[in-house]
Amino acid sequence: MPGTNLTREEARERARLLEVDAYDIELDLSGAQEGGTFRSVTTVRFDAREAGESFIDLVAPTVHEVVLNGTSLDPAEVFADSRIALPGLVAGRNELKVVADCAYTNTGEGLHRFVDPVDQQAYLYTQFEVPDARRVFAAFEQPDLKATFAFTVTAPEGWTVISNSPTPEPRDNIWRFEPTPRISTYITALIAGPYHGVHSVWESGKGDGRTVPLGVYCRPSLAEHLDAEAIFEVTRQGFDWFEEKFGIPYPFAKYDQLFVPEFNAGAMENAGAVTIRDQYVFRSKVTDAAYETRAETILHELAHMWFGDLVTMEWWNDLWLNESFATYTSIACQAAAPGSRWPHAWTTFANSMKTWAYRQDQLPSTHPIMADIKDLDDVLVNFDGITYAKGASVLKQLVAYVGEDAFFRGVRTYFKRHAWGNTRLTDLLTALEETSGRDLKAWSKAWLETAGINVLRPEITTDDDGTITSFAVLQEAPALPAGAKGEPVLRPHRIAIGSYELDGGKLVRTGRVELDVDGERTEVPELVGTLRPDVILLNDDDLSYAKVRLDAESLATVTRHLGDFAESLPRALCWASAWDMTRDGEMATRDYLELVLSGIDKETDIGVVQSLQRQVKLALELYAAPSWRETGLLRWSEATVEKLRAAEPGSDHQLAWARALAATARTDEQLDLLAGLLDGGEKIEGLTVDTELRWALLHRLAATGRADEAAIEAELERDRTSAGERHAVSARAARPTAEAKAEAWASVVESDKLPNAMQEAVIGGFVQTDQRELLAPYTAKYFDALKGVWESRSHEMAQQIAIGLYPAVQVTEETLRATDAWLESAEPSAALRRLVVESRAGIERALKAQEADAAAAV
């Protein structure tokens with residue numbers, strides 16, 4: 001959108017001039033059932049440090065009235081794009097009133113409106129991060145201009161209205177909320193509709209009598225699936241653990257968690273009113289990995305109530321600190337909180353979050369953790385694997401570096417010193433230096449202000465009887481990807497080195513050394529004179545952030561016994577290393593497939609199993625030599641059938657293998673099995689073919705031409721819900737016909753009518769890796785349409801298309817040339833260029849991996 005991009009320098013100048021006191025916001029949502037627009041009246045009181053001029057942000061179809069300090073301003077003169085000019089501010093107190101018609105959206109930005117096909121009722125929720133409070137009320141839209149917010153909402157009869165403050169009793173369908181504490185615009189919230197609610201309470205265990213009201217909400221059509229008590233249990237564990245570690249009581253008056261439809265992200269940390277995607281209300285059986293992921297999301301948002309909401313970044317440069325801190329502490333809570341179901345949470349972190357970080361850090365768009373955010377466009381594409389996963393990994397490294405006790409003492413100091421304020425990274429580091437005695441300036445520069453990843457390798461010599469005569473850790477700083485800014489750098493690492501021996505068929509840790517690694521070579525005298533173990537694992541316990549390679553003898557043992565580690569974390573680290581080597585072209589895809597097939601049956605962690613299933617499929621589809629690809633896919637699909645039939649009836653592993661088969665079935669016999677499971681002609685003991693699994697089976701049958709429109713419509717009739725509608729449009733788009741592809745393409749690219757979740761579903765169905773020839777004509781169409789789409793759609797909708805429809809399955813030099821030609825001629829914005837360059841890097845990586853796989857066949 002033109003004219004909507006706030007720059008850092010504009011924000012600094014506005015913060016220098018203004019101090020905002022309070023907002024009174026009146027919203028008339030009485031016409032929400034019909035949609036369109038709603039009346040928004042904003043009154044904001046603020047101080048100017050000197051006479052001058054500024055602006056306030058608003059995205060609205062119509063502005064009716066602007067009154068500044070009692071003087072009416074002509075909206076036609078002061079309102080343009082997303083700004084209302086404020087000329088003639090007086091030194092001292094100012095008051096502004098803005099009356100506008102704002103628009104409901106179907107993009108997951110601003111005030112999103114959804115109509116449930118089950119009850120035909122409208123459901124609303126806000127999503128304001130990064131700059132979308134301005135779609136609902138006039139706001140000084142930057143995190144360091146905090147204020148109090150008092151919402152008054154008119155809503156239809158029978159609705160529930162929830163905001164940051166406790167929910168009042170409505171009078172004449174008007175809800176008047178008490179003012180919030182001083183918070184930033186982007187964490188204000190409003191959720192409204194005939195939502196179903198369950199209520200409970202958290203009680204302090206300190207004997208002080210404190211309680212916090214808890215609420216969990218979803219649409220009535222999902223109420224039968226809402227396991228509220230399980231959600232409350234995780235939430236209470238988080239309250240207990242965070243209050244102890246953070247040293248400050250929960251800062252808001254209540255805590256509601258609202259599962260809302262068509263949500264773009266996983267969740268959002270609105271103060272006291274967290275919104276969460278309602279796919280986390282599980283309609284069908286899922287594995288424990290899904291419950292673990294949901295719990296991490298719940299704890300992540302709860303941690304934000306302190307880090308992000310109570311104490312907030314000054315500007316989006318420090319977005320990473322918000323997200324990394326919440327990620328790190330949520331995993332730490334899962335791993336350590338009394339009664340947690342997931343004490344192995346660091347295994348999941350190593351297996352999922354860190355692999356995301358490693359992947360992102362090897363793209364041309366890699367950037368320092370503390371990114372240089374010049375404007376809103378920069379931050380909108382910066383919710384990435386660096387900001388979340390690498391940042392959390394580096395925080396874990398920092399905890400190891402300063403010690404956990406010192407770290408949390410510093411955190412407690414930080415919260416007490418800056419409560420309700422705004423901070424920069426230096427404020428946290430200062431507190432940590434005080435409590436740890438460590439000088440963190442050099443650490444910060446090396447870890448937070450540089451890009452790229454290090455590689456750690458062991459260098460070992462032994463004598464004839466296997467006694468270690470020398471041991472060193474070698475550190476490399478590979479060149480950054482072409483186009484990336486900065487220089488490679490060696491960093492200080494706090495790591496553990498684990499020694500593992502085969503004992504009774506299990507790899508058991510028999511020794512551990514923890515040390516600081518710095519520079520190109522670090523000697524480890526503690527291991528000299530000891531007998532060489534079967535496996536030596538650098539970065540054991542996953543303390544640091546680095547790619548780890550095994551020495552030849554350890555690699556040989558791991559290749560034969562990867563599934564035999566007695567503990568899940570070293571297994572996950574070795575699996576991650578093997579996957580990284582495959583992506584880097586250091587291990588052939590066919591060898592990775594054999595490694596997984598030899599070890600996955602022994603993998604007890606279901607999250608790791610499901611990650612391996614996804615990674616094998618991706619490797620075979622994109623990284624395998626084209627001449628061998630179908631052979632590999634056939635071997636994999638046959639293995640999924642075998643392992644499905646062998647799995648323990650009713651187990652998570654059985655469900656995971658059923659889903660893996662549904663993703664890859666290709667022979668007539670395999671597709672017959674899918675069809676039989678769907679129509680009941682085939683039974684596998686313990687396997688419940690419930691709603692979500694039915695759709696997974698049907699989707700594959702549609703993609704292979706075995707299910708037609710009538711079959712899709714019949715399944716939709718069984719599941720006439722919003723989820724069913726998404727599955728149906730995805731299945732239609734997956735059909736292997738030119739007509740289906742043209743219809744799907746037109747609905748996404750040539751029209752802008754689809755809601756965000758439906759657009760995502762269509763894109764997911766459209767792109768099928770085994771339909772390369774059918775999709776080939778859309779490479780040119782993509783580049784012809786891309787810039788126009790980017791400039792005419794909201795950020796979320798445009799980004800979905802830019803990433804989702806890039807011809808990633810066309811792994812050819814021709815795709816690289818087409819991409820380069822477009823980048824040279826189209827003059828895209830920096831944000832769009834970044835997304836396309838990242839997608840291009842995926843093609844380059846796949847070509848390199850295909851070469852490595854082909855070479856392995858010789």
# chains A, B, ... in the order shown; residues from 1 in each chain; ligands from 1

$ select_by_dssp --residues "segment 561-694 of chain A" --states "alpha helix (DSSP H)" --output "MDAnalysis selection string"
chainID A and resid 561 568:583 589:599 606:618 626:646 652:664 668:679 691:694

$ residues_around --residues "segment 352-367 of chain A" --least-positions-apart "4" --cutoff "8 Å" --atoms "only C-alpha atoms" --output "PyMOL selection string"
chain A and resi 348+371+384-386+388-390+393+450-453+480-485+545+547+576+580+611+834+837-838+841

$ write_last_selection --atoms "N, CA, C and O atoms" --output "short mmCIF file (atom, residue, chain, number, x, y, z; two decimals), in the first residue's frame"
data_model
loop_
_atom_site.label_atom_id
_atom_site.label_comp_id
_atom_site.auth_asym_id
_atom_site.auth_seq_id
_atom_site.Cartn_x
_atom_site.Cartn_y
_atom_site.Cartn_z
N THR A 348 12.92 -31.29 21.03
CA THR A 348 12.06 -30.69 20.01
C THR A 348 12.67 -29.40 19.49
O THR A 348 12.64 -29.13 18.28
N ALA A 371 18.62 -6.96 13.77
CA ALA A 371 18.53 -6.50 12.39
C ALA A 371 18.44 -4.97 12.34
O ALA A 371 17.99 -4.32 13.28
N ASP A 384 11.18 -14.20 10.99
CA ASP A 384 11.84 -15.30 10.29
C ASP A 384 12.62 -16.18 11.25
O ASP A 384 12.56 -16.02 12.47
N GLY A 385 13.36 -17.13 10.67
CA GLY A 385 14.11 -18.07 11.48
C GLY A 385 15.28 -17.46 12.23
O GLY A 385 15.77 -18.05 13.20
N ILE A 386 15.73 -16.29 11.80
CA ILE A 386 16.78 -15.58 12.56
C ILE A 386 16.14 -14.96 13.80
O ILE A 386 16.63 -15.11 14.93
N TYR A 388 13.32 -15.56 15.42
CA TYR A 388 12.77 -16.49 16.42
C TYR A 388 13.80 -17.53 16.83
O TYR A 388 14.20 -17.61 17.98
N ALA A 389 14.21 -18.36 15.88
CA ALA A 389 14.93 -19.58 16.23
C ALA A 389 16.41 -19.34 16.50
O ALA A 389 16.96 -19.83 17.49
N LYS A 390 17.10 -18.58 15.64
CA LYS A 390 18.51 -18.30 15.92
C LYS A 390 18.61 -17.45 17.18
O LYS A 390 19.48 -17.68 18.03
N SER A 393 18.24 -19.63 20.11
CA SER A 393 19.42 -20.46 20.25
C SER A 393 20.57 -19.68 20.87
O SER A 393 21.32 -20.21 21.72
N THR A 450 26.40 -9.71 13.85
CA THR A 450 26.98 -10.31 12.66
C THR A 450 26.05 -11.41 12.17
O THR A 450 25.25 -11.95 12.92
N ALA A 451 26.18 -11.73 10.89
CA ALA A 451 25.33 -12.76 10.27
C ALA A 451 26.14 -14.02 10.00
O ALA A 451 27.37 -14.01 10.01
N GLY A 452 25.42 -15.11 9.74
CA GLY A 452 26.08 -16.33 9.33
C GLY A 452 26.24 -17.33 10.46
O GLY A 452 25.94 -17.06 11.61
N ILE A 453 26.75 -18.49 10.09
CA ILE A 453 26.80 -19.62 10.98
C ILE A 453 28.22 -20.17 11.03
O ILE A 453 28.96 -20.05 10.06
N LEU A 480 29.62 -16.11 3.59
CA LEU A 480 28.17 -15.86 3.57
C LEU A 480 27.64 -16.10 2.16
O LEU A 480 28.37 -15.98 1.17
N PRO A 481 26.37 -16.43 2.04
CA PRO A 481 25.80 -16.64 0.71
C PRO A 481 25.96 -15.41 -0.17
O PRO A 481 26.01 -14.27 0.32
N ALA A 482 26.06 -15.63 -1.47
CA ALA A 482 26.18 -14.53 -2.41
C ALA A 482 25.02 -13.55 -2.21
O ALA A 482 23.86 -13.96 -2.14
N GLY A 483 25.36 -12.29 -2.11
CA GLY A 483 24.34 -11.26 -1.92
C GLY A 483 24.10 -10.88 -0.48
O GLY A 483 23.49 -9.84 -0.20
N ALA A 484 24.55 -11.72 0.46
CA ALA A 484 24.37 -11.40 1.88
C ALA A 484 25.34 -10.30 2.30
O ALA A 484 26.46 -10.20 1.79
N LYS A 485 24.91 -9.49 3.24
CA LYS A 485 25.73 -8.39 3.72
C LYS A 485 26.57 -8.85 4.90
O LYS A 485 26.13 -9.65 5.72
N TYR A 545 24.97 -22.47 19.20
CA TYR A 545 24.36 -22.39 17.88
C TYR A 545 25.48 -22.54 16.85
O TYR A 545 26.28 -21.62 16.64
N LYS A 547 26.72 -25.37 13.31
CA LYS A 547 26.64 -26.63 12.60
C LYS A 547 27.77 -27.52 13.10
O LYS A 547 28.91 -27.08 13.23
N ALA A 576 19.70 -33.95 13.02
CA ALA A 576 19.77 -32.59 12.47
C ALA A 576 21.05 -32.40 11.66
O ALA A 576 21.04 -31.76 10.60
N ASP A 580 21.24 -31.51 7.73
CA ASP A 580 21.99 -30.34 7.28
C ASP A 580 23.01 -30.74 6.21
O ASP A 580 23.19 -30.03 5.21
N SER A 611 9.18 -35.09 11.87
CA SER A 611 10.13 -34.23 11.16
C SER A 611 10.91 -35.03 10.13
O SER A 611 11.11 -34.58 8.99
N ARG A 834 13.53 -9.43 -1.31
CA ARG A 834 14.04 -10.40 -0.34
C ARG A 834 13.31 -11.73 -0.47
O ARG A 834 13.94 -12.79 -0.47
N VAL A 837 14.40 -13.53 -3.69
CA VAL A 837 15.80 -13.99 -3.59
C VAL A 837 15.89 -15.22 -2.70
O VAL A 837 16.64 -16.16 -2.98
N GLU A 838 15.13 -15.24 -1.60
CA GLU A 838 15.11 -16.42 -0.73
C GLU A 838 14.60 -17.64 -1.49
O GLU A 838 15.15 -18.75 -1.37
N ALA A 841 17.18 -18.96 -3.84
CA ALA A 841 18.23 -19.71 -3.16
C ALA A 841 17.83 -21.16 -2.96
O ALA A 841 18.68 -22.06 -2.95
#

$ residues_around --residues "Ala139 of chain A" --least-positions-apart "2" --cutoff "9 Å" --atoms "only C-alpha atoms" --output "PyMOL selection string"
chain A and resi 23+42+44+56-58+133-134+136-137+141-142+185

$ closest_residue --among "A:Ala446, A:Thr293, A:Asp309, A:Glu621" --to "Ile369 of chain A" --atoms "only C-alpha atoms"
A:Ala446

$ residues_around --residues "segment 527-534 of chain A" --least-positions-apart "2" --cutoff "12 Å" --atoms "only C-alpha atoms" --output "JSON, numbers by chain"
{"A": [458, 459, 460, 461, 462, 463, 464, 465, 466, 467, 468, 469, 470, 471, 472, 473, 497, 498, 499, 500, 501, 502, 503, 506, 507, 508, 509, 510, 511, 512, 513, 514, 515, 523, 524, 525, 536, 537, 550, 551, 552, 553, 554, 555, 556, 557, 558, 559, 560, 561, 562, 565]}

$ closest_residue --among "A:Glu233, A:Asp690, A:Glu244, A:Glu713" --to "Glu725 of chain A" --atoms "only C-alpha atoms"
A:Glu713

$ closest_residue --among "A:Leu612, A:Asp541, A:Trp695, A:Leu380" --to "Leu835 of chain A" --atoms "only C-alpha atoms"
A:Leu380

$ residues_around --residues "Val161 of chain A" --least-positions-apart "6" --cutoff "7 Å" --atoms "only C-alpha atoms" --output "PyMOL selection string"
chain A and resi 191-193

$ write_last_selection --atoms "C-alpha atoms" --output "PDB file, in the first residue's frame"
ATOM      1  CA  ILE A 191     -12.524 -10.058  20.091  1.00  0.00           C
ATOM      2  CA  ALA A 192     -16.283 -10.084  19.570  1.00  0.00           C
ATOM      3  CA  GLY A 193     -18.973 -12.535  18.571  1.00  0.00           C
TER       4      GLY A 193
END

$ residues_around --residues "Ala665 of chain A" --least-positions-apart "3" --cutoff "12 Å" --atoms "only C-alpha atoms" --output "VMD selection string"
chain A and resid 617 630 633 to 641 657 to 662 668 to 675 696 to 704 706 770

$ write_last_selection --atoms "C-alpha atoms" --output "CSV table (one decimal), in the first residue's frame"
chain,number,residue,atom,x,y,z
A,617,LYS,CA,9.8,-36.4,1.4
A,630,GLU,CA,10.9,-41.9,-8.7
A,633,LEU,CA,9.9,-42.0,-3.8
A,634,LEU,CA,8.7,-45.5,-4.5
A,635,ARG,CA,11.0,-47.0,-1.9
A,636,TRP,CA,9.8,-44.4,0.6
A,637,SER,CA,6.1,-44.9,-0.1
A,638,GLU,CA,6.5,-48.7,0.2
A,639,ALA,CA,8.2,-48.1,3.6
A,640,THR,CA,5.3,-46.0,4.8
A,641,VAL,CA,2.9,-48.9,4.0
A,657,TRP,CA,2.7,-43.3,9.3
A,658,ALA,CA,-0.8,-43.1,8.1
A,659,ARG,CA,-0.3,-39.4,7.4
A,660,ALA,CA,3.1,-40.1,5.8
A,661,LEU,CA,1.5,-42.6,3.4
A,662,ALA,CA,-1.4,-40.2,2.6
A,668,ASP,CA,-2.2,-48.3,-7.8
A,669,GLU,CA,-1.9,-50.6,-4.8
A,670,GLN,CA,-1.1,-47.8,-2.4
A,671,LEU,CA,-3.8,-45.6,-3.8
A,672,ASP,CA,-6.3,-48.5,-3.5
A,673,LEU,CA,-5.3,-48.7,0.2
A,674,LEU,CA,-6.1,-45.0,0.6
A,675,ALA,CA,-9.4,-45.4,-1.1
A,696,ALA,CA,-5.7,-36.2,4.0
A,697,LEU,CA,-6.5,-39.4,2.2
A,698,LEU,CA,-8.9,-37.7,-0.1
A,699,HIS,CA,-6.5,-34.9,-0.9
A,700,ARG,CA,-3.9,-37.4,-2.2
A,701,LEU,CA,-6.5,-39.3,-4.2
A,702,ALA,CA,-7.6,-36.0,-5.8
A,703,ALA,CA,-4.0,-35.0,-6.6
A,704,THR,CA,-3.4,-38.3,-8.3
A,706,ARG,CA,-8.4,-40.9,-8.3
A,770,ASP,CA,4.6,-34.5,-8.9

$ closest_atom_pairs --of "segment 600-711 of chain A" --to "segment 323-346 of chain A" --cutoff "12 Å" --atoms "only C-alpha atoms" --output "JSON lines"
{"residue": "A:Thr604", "atom": "CA", "partner": "A:His344", "partner_atom": "CA", "distance": 11.3}
{"residue": "A:Asp605", "atom": "CA", "partner": "A:His344", "partner_atom": "CA", "distance": 8.8}
{"residue": "A:Ile606", "atom": "CA", "partner": "A:His344", "partner_atom": "CA", "distance": 11.3}
{"residue": "A:Gly607", "atom": "CA", "partner": "A:Ala345", "partner_atom": "CA", "distance": 10.1}
{"residue": "A:Val608", "atom": "CA", "partner": "A:His344", "partner_atom": "CA", "distance": 11.3}

$ write_last_selection --atoms "C-alpha atoms" --output "compact mmCIF listing (two decimals), in the first residue's frame"
# COMPACT_ATOMS: atom_id res chain seq x y z
CA THR A 604 10.76 -42.88 20.29
CA ASP A 605 10.23 -39.11 20.04
CA ILE A 606 7.17 -38.69 17.84
CA GLY A 607 8.07 -35.11 16.96
CA VAL A 608 11.40 -36.28 15.57

$ residues_around --residues "segment 809-818 of chain A" --least-positions-apart "6" --cutoff "12 Å" --atoms "only C-alpha atoms" --output "JSON, numbers by chain"
{"A": [618, 619, 620, 621, 622, 623, 624, 625, 626, 766, 767, 768, 769, 770, 771, 772, 773, 774, 775, 776, 777, 778, 779, 780, 781, 782, 783, 784, 824, 825, 826, 836, 837, 838, 839, 840, 841, 842, 843, 844, 845, 846, 847, 848, 849, 850, 851]}

$ atom_distance --atom1 "atom CA of Asp81 of chain A" --atom2 "atom CA of Ser751 of chain A"
22.9 Å

$ closest_residue --among "A:Val609, A:Leu376, A:Cys574, A:Leu448" --to "His795 of chain A" --atoms "only C-alpha atoms"
A:Leu376

$ atom_distance --atom1 "atom CA of Asp540 of chain A" --atom2 "atom CA of Glu296 of chain A"
22.8 Å

$ closest_residue --among "A:Leu569, A:Val596, A:Met581, A:Ala265" --to "Asp853 of chain A" --atoms "only C-alpha atoms"
A:Met581

$ atom_distance --atom1 "atom CA of Glu692 of chain A" --atom2 "atom CA of Arg113 of chain A"
24.7 Å

$ closest_residue --among "A:Met587, A:Ala711, A:Leu754, A:Val689" --to "Ala854 of chain A" --atoms "only C-alpha atoms"
A:Met587

$ select_by_dssp --residues "segment 329-507 of chain A" --states "strand (DSSP E or B)" --output "PyMOL selection string"
chain A and resi 375+422-423+455-462+467-476+493-503+506-507

$ decode --residues "segment 147-176 of chain A" --atoms "N, CA and C atoms" --output "PDB file, in the first residue's frame"
ATOM      1  N   ALA A 147       0.420   4.193  25.943  1.00  0.00           N
ATOM      2  CA  ALA A 147      -0.681   4.978  26.511  1.00  0.00           C
ATOM      3  C   ALA A 147      -1.654   4.016  27.171  1.00  0.00           C
ATOM      4  N   THR A 148      -2.655   4.564  27.830  1.00  0.00           N
ATOM      5  CA  THR A 148      -3.775   3.749  28.291  1.00  0.00           C
ATOM      6  C   THR A 148      -4.844   3.746  27.206  1.00  0.00           C
ATOM      7  N   PHE A 149      -5.651   2.672  27.179  1.00  0.00           N
ATOM      8  CA  PHE A 149      -6.676   2.510  26.147  1.00  0.00           C
ATOM      9  C   PHE A 149      -7.986   2.125  26.820  1.00  0.00           C
ATOM     10  N   ALA A 150      -9.028   2.905  26.561  1.00  0.00           N
ATOM     11  CA  ALA A 150     -10.358   2.606  27.083  1.00  0.00           C
ATOM     12  C   ALA A 150     -11.293   2.382  25.892  1.00  0.00           C
ATOM     13  N   PHE A 151     -11.765   1.153  25.735  1.00  0.00           N
ATOM     14  CA  PHE A 151     -12.636   0.805  24.610  1.00  0.00           C
ATOM     15  C   PHE A 151     -14.096   0.824  25.058  1.00  0.00           C
ATOM     16  N   THR A 152     -14.915   1.405  24.213  1.00  0.00           N
ATOM     17  CA  THR A 152     -16.371   1.319  24.351  1.00  0.00           C
ATOM     18  C   THR A 152     -16.905   0.711  23.062  1.00  0.00           C
ATOM     19  N   VAL A 153     -17.624  -0.398  23.178  1.00  0.00           N
ATOM     20  CA  VAL A 153     -17.995  -1.177  22.001  1.00  0.00           C
ATOM     21  C   VAL A 153     -19.497  -1.427  22.002  1.00  0.00           C
ATOM     22  N   THR A 154     -20.124  -1.115  20.888  1.00  0.00           N
ATOM     23  CA  THR A 154     -21.519  -1.489  20.659  1.00  0.00           C
ATOM     24  C   THR A 154     -21.528  -2.747  19.802  1.00  0.00           C
ATOM     25  N   ALA A 155     -22.194  -3.776  20.282  1.00  0.00           N
ATOM     26  CA  ALA A 155     -22.164  -5.074  19.603  1.00  0.00           C
ATOM     27  C   ALA A 155     -23.568  -5.650  19.528  1.00  0.00           C
ATOM     28  N   PRO A 156     -23.785  -6.607  18.628  1.00  0.00           N
ATOM     29  CA  PRO A 156     -25.124  -7.209  18.510  1.00  0.00           C
ATOM     30  C   PRO A 156     -25.564  -7.931  19.778  1.00  0.00           C
ATOM     31  N   GLU A 157     -26.841  -8.083  19.911  1.00  0.00           N
ATOM     32  CA  GLU A 157     -27.446  -8.805  21.026  1.00  0.00           C
ATOM     33  C   GLU A 157     -26.899 -10.234  21.088  1.00  0.00           C
ATOM     34  N   GLY A 158     -26.549 -10.668  22.309  1.00  0.00           N
ATOM     35  CA  GLY A 158     -26.105 -12.038  22.509  1.00  0.00           C
ATOM     36  C   GLY A 158     -24.632 -12.279  22.264  1.00  0.00           C
ATOM     37  N   TRP A 159     -23.901 -11.238  21.923  1.00  0.00           N
ATOM     38  CA  TRP A 159     -22.470 -11.396  21.666  1.00  0.00           C
ATOM     39  C   TRP A 159     -21.667 -11.322  22.961  1.00  0.00           C
ATOM     40  N   THR A 160     -20.449 -11.845  22.892  1.00  0.00           N
ATOM     41  CA  THR A 160     -19.447 -11.645  23.928  1.00  0.00           C
ATOM     42  C   THR A 160     -18.386 -10.708  23.366  1.00  0.00           C
ATOM     43  N   VAL A 161     -17.950  -9.752  24.151  1.00  0.00           N
ATOM     44  CA  VAL A 161     -16.907  -8.819  23.725  1.00  0.00           C
ATOM     45  C   VAL A 161     -15.770  -8.892  24.740  1.00  0.00           C
ATOM     46  N   ILE A 162     -14.572  -9.096  24.245  1.00  0.00           N
ATOM     47  CA  ILE A 162     -13.399  -9.274  25.098  1.00  0.00           C
ATOM     48  C   ILE A 162     -12.315  -8.321  24.630  1.00  0.00           C
ATOM     49  N   SER A 163     -11.624  -7.725  25.590  1.00  0.00           N
ATOM     50  CA  SER A 163     -10.522  -6.819  25.278  1.00  0.00           C
ATOM     51  C   SER A 163      -9.421  -7.042  26.306  1.00  0.00           C
ATOM     52  N   ASN A 164      -8.491  -6.096  26.396  1.00  0.00           N
ATOM     53  CA  ASN A 164      -7.360  -6.250  27.313  1.00  0.00           C
ATOM     54  C   ASN A 164      -7.783  -6.145  28.775  1.00  0.00           C
ATOM     55  N   SER A 165      -8.768  -5.305  29.047  1.00  0.00           N
ATOM     56  CA  SER A 165      -9.270  -5.140  30.408  1.00  0.00           C
ATOM     57  C   SER A 165     -10.368  -6.155  30.688  1.00  0.00           C
ATOM     58  N   PRO A 166     -10.674  -6.407  31.955  1.00  0.00           N
ATOM     59  CA  PRO A 166     -11.742  -7.361  32.284  1.00  0.00           C
ATOM     60  C   PRO A 166     -13.052  -7.000  31.598  1.00  0.00           C
ATOM     61  N   THR A 167     -13.798  -8.026  31.226  1.00  0.00           N
ATOM     62  CA  THR A 167     -15.036  -7.821  30.478  1.00  0.00           C
ATOM     63  C   THR A 167     -16.126  -7.285  31.390  1.00  0.00           C
ATOM     64  N   PRO A 168     -16.715  -6.131  31.057  1.00  0.00           N
ATOM     65  CA  PRO A 168     -17.781  -5.566  31.890  1.00  0.00           C
ATOM     66  C   PRO A 168     -19.140  -6.168  31.534  1.00  0.00           C
ATOM     67  N   GLU A 169     -20.104  -5.920  32.384  1.00  0.00           N
ATOM     68  CA  GLU A 169     -21.481  -6.259  32.036  1.00  0.00           C
ATOM     69  C   GLU A 169     -22.002  -5.233  31.031  1.00  0.00           C
ATOM     70  N   PRO A 170     -22.550  -5.687  29.891  1.00  0.00           N
ATOM     71  CA  PRO A 170     -23.037  -4.711  28.906  1.00  0.00           C
ATOM     72  C   PRO A 170     -24.349  -4.076  29.345  1.00  0.00           C
ATOM     73  N   ARG A 171     -24.544  -2.856  28.898  1.00  0.00           N
ATOM     74  CA  ARG A 171     -25.821  -2.166  29.075  1.00  0.00           C
ATOM     75  C   ARG A 171     -26.308  -1.725  27.708  1.00  0.00           C
ATOM     76  N   ASP A 172     -27.491  -2.184  27.352  1.00  0.00           N
ATOM     77  CA  ASP A 172     -28.061  -1.878  26.034  1.00  0.00           C
ATOM     78  C   ASP A 172     -27.081  -2.255  24.922  1.00  0.00           C
ATOM     79  N   ASN A 173     -26.429  -3.400  25.107  1.00  0.00           N
ATOM     80  CA  ASN A 173     -25.468  -3.934  24.133  1.00  0.00           C
ATOM     81  C   ASN A 173     -24.247  -3.031  23.938  1.00  0.00           C
ATOM     82  N   ILE A 174     -23.949  -2.243  24.954  1.00  0.00           N
ATOM     83  CA  ILE A 174     -22.746  -1.398  24.937  1.00  0.00           C
ATOM     84  C   ILE A 174     -21.822  -1.891  26.042  1.00  0.00           C
ATOM     85  N   TRP A 175     -20.572  -2.124  25.694  1.00  0.00           N
ATOM     86  CA  TRP A 175     -19.557  -2.668  26.602  1.00  0.00           C
ATOM     87  C   TRP A 175     -18.532  -1.567  26.863  1.00  0.00           C
ATOM     88  N   ARG A 176     -18.430  -1.145  28.116  1.00  0.00           N
ATOM     89  CA  ARG A 176     -17.490  -0.073  28.462  1.00  0.00           C
ATOM     90  C   ARG A 176     -16.349  -0.667  29.289  1.00  0.00           C
TER      91      ARG A 176
END
